[in-house]
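Engineer: Below is structure10.txt; it holds compact mmCIF, N, CA and C atoms.
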```txt
# COMPACT_ATOMS: atom_id res chain seq x y z
N GLY W 249 0.79 -1.19 0.00
CA GLY W 249 0.00 0.00 0.00
C GLY W 249 0.83 1.26 0.00
N LEU W 250 2.15 1.13 -0.10
CA LEU W 250 2.98 2.33 -0.15
C LEU W 250 3.02 2.85 -1.57
N PRO W 251 3.30 4.14 -1.75
CA PRO W 251 3.32 4.71 -3.10
C PRO W 251 4.45 4.11 -3.94
N ILE W 252 4.49 4.50 -5.19
CA ILE W 252 5.43 3.88 -6.12
C ILE W 252 6.83 4.49 -6.06
N LYS W 253 7.21 4.99 -4.94
CA LYS W 253 8.58 5.47 -4.75
C LYS W 253 9.46 4.26 -4.47
N PRO W 254 10.72 4.37 -4.80
CA PRO W 254 11.61 3.24 -4.48
C PRO W 254 11.70 3.02 -2.97
N ILE W 255 11.72 1.79 -2.57
CA ILE W 255 11.91 1.39 -1.18
C ILE W 255 13.13 0.50 -1.17
N TYR W 256 14.10 0.83 -0.33
CA TYR W 256 15.34 0.08 -0.26
C TYR W 256 15.41 -0.68 1.04
N GLN W 257 15.76 -1.93 0.96
CA GLN W 257 15.99 -2.73 2.15
C GLN W 257 17.48 -3.05 2.17
N MET W 258 18.10 -2.86 3.32
CA MET W 258 19.54 -3.06 3.37
C MET W 258 19.97 -3.74 4.65
N VAL W 259 21.05 -4.46 4.54
CA VAL W 259 21.72 -5.04 5.71
C VAL W 259 23.07 -4.35 5.78
N TYR W 260 23.27 -3.59 6.84
CA TYR W 260 24.52 -2.85 7.00
C TYR W 260 24.73 -2.63 8.48
N GLN W 261 25.78 -3.20 9.03
CA GLN W 261 25.98 -3.12 10.47
C GLN W 261 27.35 -2.58 10.84
N TRP W 262 28.00 -1.85 9.93
CA TRP W 262 29.37 -1.42 10.19
C TRP W 262 29.53 0.09 10.29
N GLY W 263 28.45 0.82 10.37
CA GLY W 263 28.54 2.27 10.47
C GLY W 263 27.16 2.88 10.40
N ASN W 264 27.12 4.15 10.08
CA ASN W 264 25.87 4.88 10.00
C ASN W 264 25.22 4.64 8.63
N LYS W 265 24.02 4.08 8.62
CA LYS W 265 23.31 3.80 7.37
C LYS W 265 23.09 5.06 6.54
N VAL W 266 23.04 6.21 7.19
CA VAL W 266 22.82 7.46 6.48
C VAL W 266 23.94 7.72 5.47
N ASP W 267 25.14 7.27 5.79
CA ASP W 267 26.25 7.45 4.86
C ASP W 267 25.96 6.82 3.50
N ILE W 268 25.15 5.78 3.48
CA ILE W 268 24.81 5.09 2.23
C ILE W 268 23.54 5.65 1.60
N ILE W 269 22.54 5.99 2.40
CA ILE W 269 21.23 6.35 1.82
C ILE W 269 21.04 7.84 1.57
N LYS W 270 21.88 8.68 2.18
CA LYS W 270 21.72 10.13 2.00
C LYS W 270 21.82 10.48 0.52
N GLY W 271 20.87 11.25 0.03
CA GLY W 271 20.82 11.62 -1.38
C GLY W 271 19.98 10.66 -2.21
N HIS W 272 19.62 9.52 -1.61
CA HIS W 272 18.81 8.52 -2.32
C HIS W 272 17.45 8.32 -1.65
N CYS W 273 17.37 8.63 -0.37
CA CYS W 273 16.15 8.39 0.41
C CYS W 273 15.78 9.64 1.20
N ASP W 274 14.51 9.73 1.54
CA ASP W 274 14.00 10.86 2.32
C ASP W 274 13.96 10.58 3.81
N VAL W 275 13.87 9.30 4.17
CA VAL W 275 13.70 8.93 5.58
C VAL W 275 14.24 7.51 5.78
N LEU W 276 14.80 7.28 6.96
CA LEU W 276 15.21 5.94 7.36
C LEU W 276 14.11 5.37 8.23
N ILE W 277 13.64 4.19 7.89
CA ILE W 277 12.70 3.45 8.74
C ILE W 277 13.44 2.19 9.15
N ASP W 278 13.64 2.02 10.44
CA ASP W 278 14.49 0.94 10.93
C ASP W 278 13.91 0.38 12.22
N ASP W 279 14.27 -0.85 12.56
CA ASP W 279 13.81 -1.43 13.82
C ASP W 279 14.87 -1.31 14.91
N SER W 280 15.96 -0.63 14.61
CA SER W 280 17.02 -0.42 15.59
C SER W 280 16.98 1.01 16.11
N GLU W 281 16.76 1.14 17.39
CA GLU W 281 16.77 2.47 18.02
C GLU W 281 18.14 3.12 17.84
N PHE W 282 19.20 2.33 17.95
CA PHE W 282 20.56 2.84 17.77
C PHE W 282 20.74 3.46 16.39
N ASN W 283 20.30 2.75 15.33
CA ASN W 283 20.42 3.27 13.97
C ASN W 283 19.61 4.54 13.78
N CYS W 284 18.44 4.59 14.39
CA CYS W 284 17.60 5.79 14.26
C CYS W 284 18.25 6.99 14.94
N TYR W 285 18.81 6.79 16.13
CA TYR W 285 19.49 7.90 16.80
C TYR W 285 20.73 8.34 16.02
N GLN W 286 21.45 7.39 15.43
CA GLN W 286 22.61 7.76 14.61
C GLN W 286 22.18 8.67 13.47
N ALA W 287 21.07 8.33 12.83
CA ALA W 287 20.57 9.14 11.72
C ALA W 287 20.17 10.53 12.21
N LEU W 288 19.39 10.59 13.28
CA LEU W 288 18.96 11.88 13.81
C LEU W 288 20.14 12.76 14.21
N ASN W 289 21.17 12.15 14.74
CA ASN W 289 22.33 12.91 15.19
C ASN W 289 23.07 13.61 14.06
N VAL W 290 22.87 13.15 12.82
CA VAL W 290 23.48 13.83 11.67
C VAL W 290 22.44 14.58 10.86
N GLY W 291 21.24 14.76 11.44
CA GLY W 291 20.20 15.57 10.81
C GLY W 291 19.36 14.86 9.77
N PHE W 292 19.34 13.53 9.80
CA PHE W 292 18.56 12.77 8.82
C PHE W 292 17.32 12.21 9.50
N PRO W 293 16.12 12.40 8.91
CA PRO W 293 14.89 11.89 9.53
C PRO W 293 14.92 10.36 9.67
N ALA W 294 14.54 9.88 10.83
CA ALA W 294 14.54 8.44 11.08
C ALA W 294 13.33 8.06 11.92
N ILE W 295 12.66 7.01 11.48
CA ILE W 295 11.46 6.50 12.15
C ILE W 295 11.73 5.08 12.61
N LEU W 296 11.40 4.81 13.84
CA LEU W 296 11.55 3.46 14.40
C LEU W 296 10.26 2.69 14.16
N ILE W 297 10.38 1.52 13.53
CA ILE W 297 9.21 0.66 13.37
C ILE W 297 9.19 -0.31 14.55
N THR W 298 8.06 -0.37 15.23
CA THR W 298 7.94 -1.17 16.44
C THR W 298 7.99 -2.66 16.13
N ARG W 299 8.83 -3.33 16.88
CA ARG W 299 8.98 -4.79 16.83
C ARG W 299 9.09 -5.27 18.27
N PRO W 300 8.92 -6.58 18.50
CA PRO W 300 8.96 -7.08 19.89
C PRO W 300 10.20 -6.65 20.67
N HIS W 301 11.36 -6.60 20.03
CA HIS W 301 12.59 -6.27 20.76
C HIS W 301 12.73 -4.79 21.09
N ASN W 302 11.89 -3.91 20.51
CA ASN W 302 12.02 -2.47 20.79
C ASN W 302 10.72 -1.84 21.26
N LYS W 303 9.75 -2.65 21.60
CA LYS W 303 8.42 -2.11 21.94
C LYS W 303 8.42 -1.18 23.14
N ASN W 304 9.43 -1.27 24.00
CA ASN W 304 9.50 -0.40 25.17
C ASN W 304 10.43 0.79 24.97
N SER W 305 10.83 1.02 23.74
CA SER W 305 11.74 2.12 23.43
C SER W 305 11.08 3.47 23.69
N ASN W 306 11.88 4.42 24.12
CA ASN W 306 11.41 5.79 24.31
C ASN W 306 11.70 6.67 23.10
N TYR W 307 12.16 6.07 22.00
CA TYR W 307 12.45 6.84 20.80
C TYR W 307 11.19 7.61 20.40
N PRO W 308 11.31 8.91 20.11
CA PRO W 308 10.11 9.74 19.93
C PRO W 308 9.36 9.57 18.61
N PHE W 309 9.99 9.01 17.59
CA PHE W 309 9.34 8.94 16.27
C PHE W 309 9.15 7.48 15.88
N LYS W 310 7.95 6.95 16.16
CA LYS W 310 7.70 5.52 15.97
C LYS W 310 6.45 5.29 15.12
N ILE W 311 6.49 4.17 14.39
CA ILE W 311 5.30 3.67 13.70
C ILE W 311 5.11 2.21 14.10
N ASN W 312 3.90 1.72 13.90
CA ASN W 312 3.61 0.33 14.24
C ASN W 312 3.61 -0.59 13.03
N LYS W 313 3.45 -0.01 11.85
CA LYS W 313 3.46 -0.81 10.62
C LYS W 313 3.78 0.10 9.45
N LEU W 314 4.07 -0.48 8.31
CA LEU W 314 4.39 0.30 7.12
C LEU W 314 3.10 0.80 6.46
N ASP W 315 2.46 1.71 7.15
CA ASP W 315 1.23 2.34 6.67
C ASP W 315 1.57 3.76 6.23
N LEU W 316 1.27 4.11 4.99
CA LEU W 316 1.64 5.40 4.44
C LEU W 316 1.17 6.56 5.29
N ASN W 317 -0.07 6.55 5.75
CA ASN W 317 -0.59 7.66 6.56
C ASN W 317 0.17 7.81 7.87
N GLU W 318 0.48 6.68 8.49
CA GLU W 318 1.23 6.70 9.74
C GLU W 318 2.66 7.23 9.51
N ILE W 319 3.28 6.80 8.43
CA ILE W 319 4.63 7.27 8.09
C ILE W 319 4.62 8.77 7.86
N ILE W 320 3.67 9.25 7.07
CA ILE W 320 3.60 10.69 6.78
C ILE W 320 3.37 11.49 8.05
N GLU W 321 2.48 11.03 8.89
CA GLU W 321 2.18 11.75 10.13
C GLU W 321 3.42 11.87 11.01
N VAL W 322 4.15 10.79 11.18
CA VAL W 322 5.35 10.82 12.02
C VAL W 322 6.46 11.62 11.33
N TYR W 323 6.63 11.42 10.04
CA TYR W 323 7.66 12.15 9.29
C TYR W 323 7.46 13.66 9.43
N ASN W 324 6.22 14.11 9.36
CA ASN W 324 5.93 15.54 9.46
C ASN W 324 6.24 16.11 10.84
N THR W 325 6.33 15.27 11.86
CA THR W 325 6.71 15.77 13.18
C THR W 325 8.22 15.88 13.31
N ILE W 326 8.96 15.21 12.42
CA ILE W 326 10.42 15.26 12.46
C ILE W 326 10.96 16.45 11.69
N VAL W 327 10.42 16.68 10.50
CA VAL W 327 10.96 17.73 9.61
C VAL W 327 10.29 19.06 9.82
```
For this file, produce the structure as structure tokens.

Structural biologist:
Amino acid sequence: GLPIKPIYQMVYQWGNKVDIIKGHCDVLIDDSEFNCYQALNVGFPAILITRPHNKNSNYPFKINKLDLNEIIEVYNTIV
């Protein structure tokens, strides 16, 4: 149900994912609170998608599923 924009899925655990996606993506959606904070710390919008291992996270920008309306609503609170 997401729009026809490219969606990239990546496995990268050796640094800040923003170094790879900056200029190609508008927002990072990740299940790692650490990755999301890394992105925010360099000024890149990042949304945490809730999963069992992070459900108690205090990260301020969260979604529960890949729902376009939910993503837009949270994204607009970041930028």

Engineer: Name the residues of chain W that come out as strand (DSSP E) in a backbone DSSP run; write them as a list of chain:residue names.

Structural biologist: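 Those in chain W that DSSP calls strand (DSSP E) are W:Leu276, W:Ile277, W:Asp278, W:Ala294, W:Ile295, W:Leu296, W:Ile297, W:Lys310, W:Ile311.
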
Engineer: Neighbouring residues of region 291-295 of chain W were defined as those with any atom within 5 Å, considering all atoms listed in the file; residues of the same chain fewer than 6 positions away were excluded. Please report them as a list in words.

Structural biologist: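 My list of contacting residues is Val275, Leu276, Ile277, Asp278 and Phe309 of chain W.
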
Engineer: How many Å lie between CA of Val266 (chain W) and CA of Asn324 (chain W), rounded to one decimal?

Structural biologist: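 Computing it gives 19.0 Å between the two atoms.
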
Engineer: Between atom N of Gln261 (chain W) and atom C of Cys284 (chain W), measure the distance and give it in Å to one decimal.

Structural biologist: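 Taking atom N of Gln261 (chain W) and atom C of Cys284 (chain W), their separation equals 14.0 Å.
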
Engineer: What's the separation between atom N of Asn302 (chain W) and atom N of Asp315 (chain W), in Å to one decimal place?

Structural biologist: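 Between atom N of Asn302 (chain W) and atom N of Asp315 (chain W) the gap is 17.3 Å.
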
Engineer: Ser280 (chain W): which residues within 8 Å, counting only N, CA and C atoms, same-chain residues fewer than 6 positions away excluded, as JSON, numbers by chain?

Structural biologist: {"W": [286, 295, 296, 297, 298, 299, 302]}

Engineer: Excluding Cys273 (chain W) and its own-chain neighbours fewer than 6 positions away, which residues fall within 9 Å of it when counting only C-alpha atoms? Please give them as a PyMOL selection string.

Structural biologist: chain W and resi 254-256
